[in-house]
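Presented below is the structure to which this report refers.
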Amino acid sequence: MAEERDVTEEARRVAEALRAIEEMDDPAQQARAITEVLKVQTQSAPTLKVKRREWVLQQREAKVTYREIAETLRVSISTVQDIERGYSGSGKTRPRTGRRKRAGSEGDSSTEQTGGGVSPI
């Protein structure tokens with residue numbers, strides 16, 4: 001981890017523990033340790049995300065900029081905005097935005113028959 005000196009002591013200890021699991025010699029013990037860690041992570045993640053979001057909301061209420069919050073958390077500005085909105089993970093919780101595929105685009109046979117949707121007048 002190149003930026004390890006920049007992480008909190010707590011995060012450094014977690015990273016060390018994960019590396020220790022990766023280096024375990026007994027595959028069965030390693031698998032058990034992985035299962036235990038994943039269970040704890042699954043149980044803790046929602047609470048940790050709520051605490052992080054609460055902090056971000058407090059900062060925004062105090063008129064702290066997205067840039068300043070991003071620098072503190074060492075994440076991108078868009079990640080701070082996602083946290084503020086309550087989004088997390090792969091984007092499955094985000095509302096769909098952007099352009100939808102228009103009728104007659106990519107592989108729609110109706111455009112091929114009518115000259116790409118242009119009226120033949």
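Chain labels A, B, ... are given in the sequence in which chains occur in the structure tokens; within each chain residues are numbered consecutively from 1, and ligands are likewise numbered from 1 in the order shown.
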
* To do: Would you please extract all alpha helix (DSSP H) residues from segment 7-106 of chain A, as assigned by DSSP on the backbone, and give them as number ranges by chain?
  => A: 9-22, 27-61, 66-73, 77-85

* Contacts of segment 56-69 of chain A at 9 Å or less, counting only C-alpha atoms, minus same-chain residues fewer than 6 places along, as a VMD selection string? -> chain A and resid 75 to 78 80 to 81 83 to 84

Go ahead and save the picked residues with N, CA and C atoms, as a tab-separated table (two decimals), in the first residue's frame.
chain	number	residue	atom	x	y	z
A	75	VAL	N	-11.25	10.99	-0.99
A	75	VAL	CA	-12.09	10.43	-2.04
A	75	VAL	C	-12.36	11.53	-3.06
A	76	SER	N	-13.03	11.18	-4.14
A	76	SER	CA	-13.37	12.19	-5.16
A	76	SER	C	-14.57	13.02	-4.70
A	77	ILE	N	-14.71	14.16	-5.33
A	77	ILE	CA	-15.86	15.03	-5.04
A	77	ILE	C	-17.16	14.30	-5.37
A	78	SER	N	-17.18	13.57	-6.47
A	78	SER	CA	-18.41	12.85	-6.83
A	78	SER	C	-18.75	11.78	-5.80
A	80	VAL	N	-18.17	12.09	-2.57
A	80	VAL	CA	-18.77	12.86	-1.48
A	80	VAL	C	-20.23	13.17	-1.81
A	81	GLN	N	-20.50	13.57	-3.05
A	81	GLN	CA	-21.87	13.85	-3.46
A	81	GLN	C	-22.73	12.61	-3.38
A	83	ILE	N	-22.25	10.06	-1.34
A	83	ILE	CA	-22.46	9.80	0.09
A	83	ILE	C	-23.57	10.71	0.62
A	84	GLU	N	-23.52	11.98	0.25
A	84	GLU	CA	-24.52	12.94	0.70
A	84	GLU	C	-25.92	12.51	0.26

* Which residue of A:Gly86, A:Lys39, A:Arg74, A:Pro27 approaches Glu54 of chain A most closely, using only C-alpha atoms ->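 Of the candidates, the smallest distance to Glu54 of chain A is held by A:Gly86.
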
* **Atomic separation - atom CA of Glu36 of chain A relative to atom CA of Ala17 of chain A, Å** => 12.2 Å

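Atom pair atom CA of Lys49 of chain A / atom CA of Gln30 of chain A: separated by 27.3 Å.
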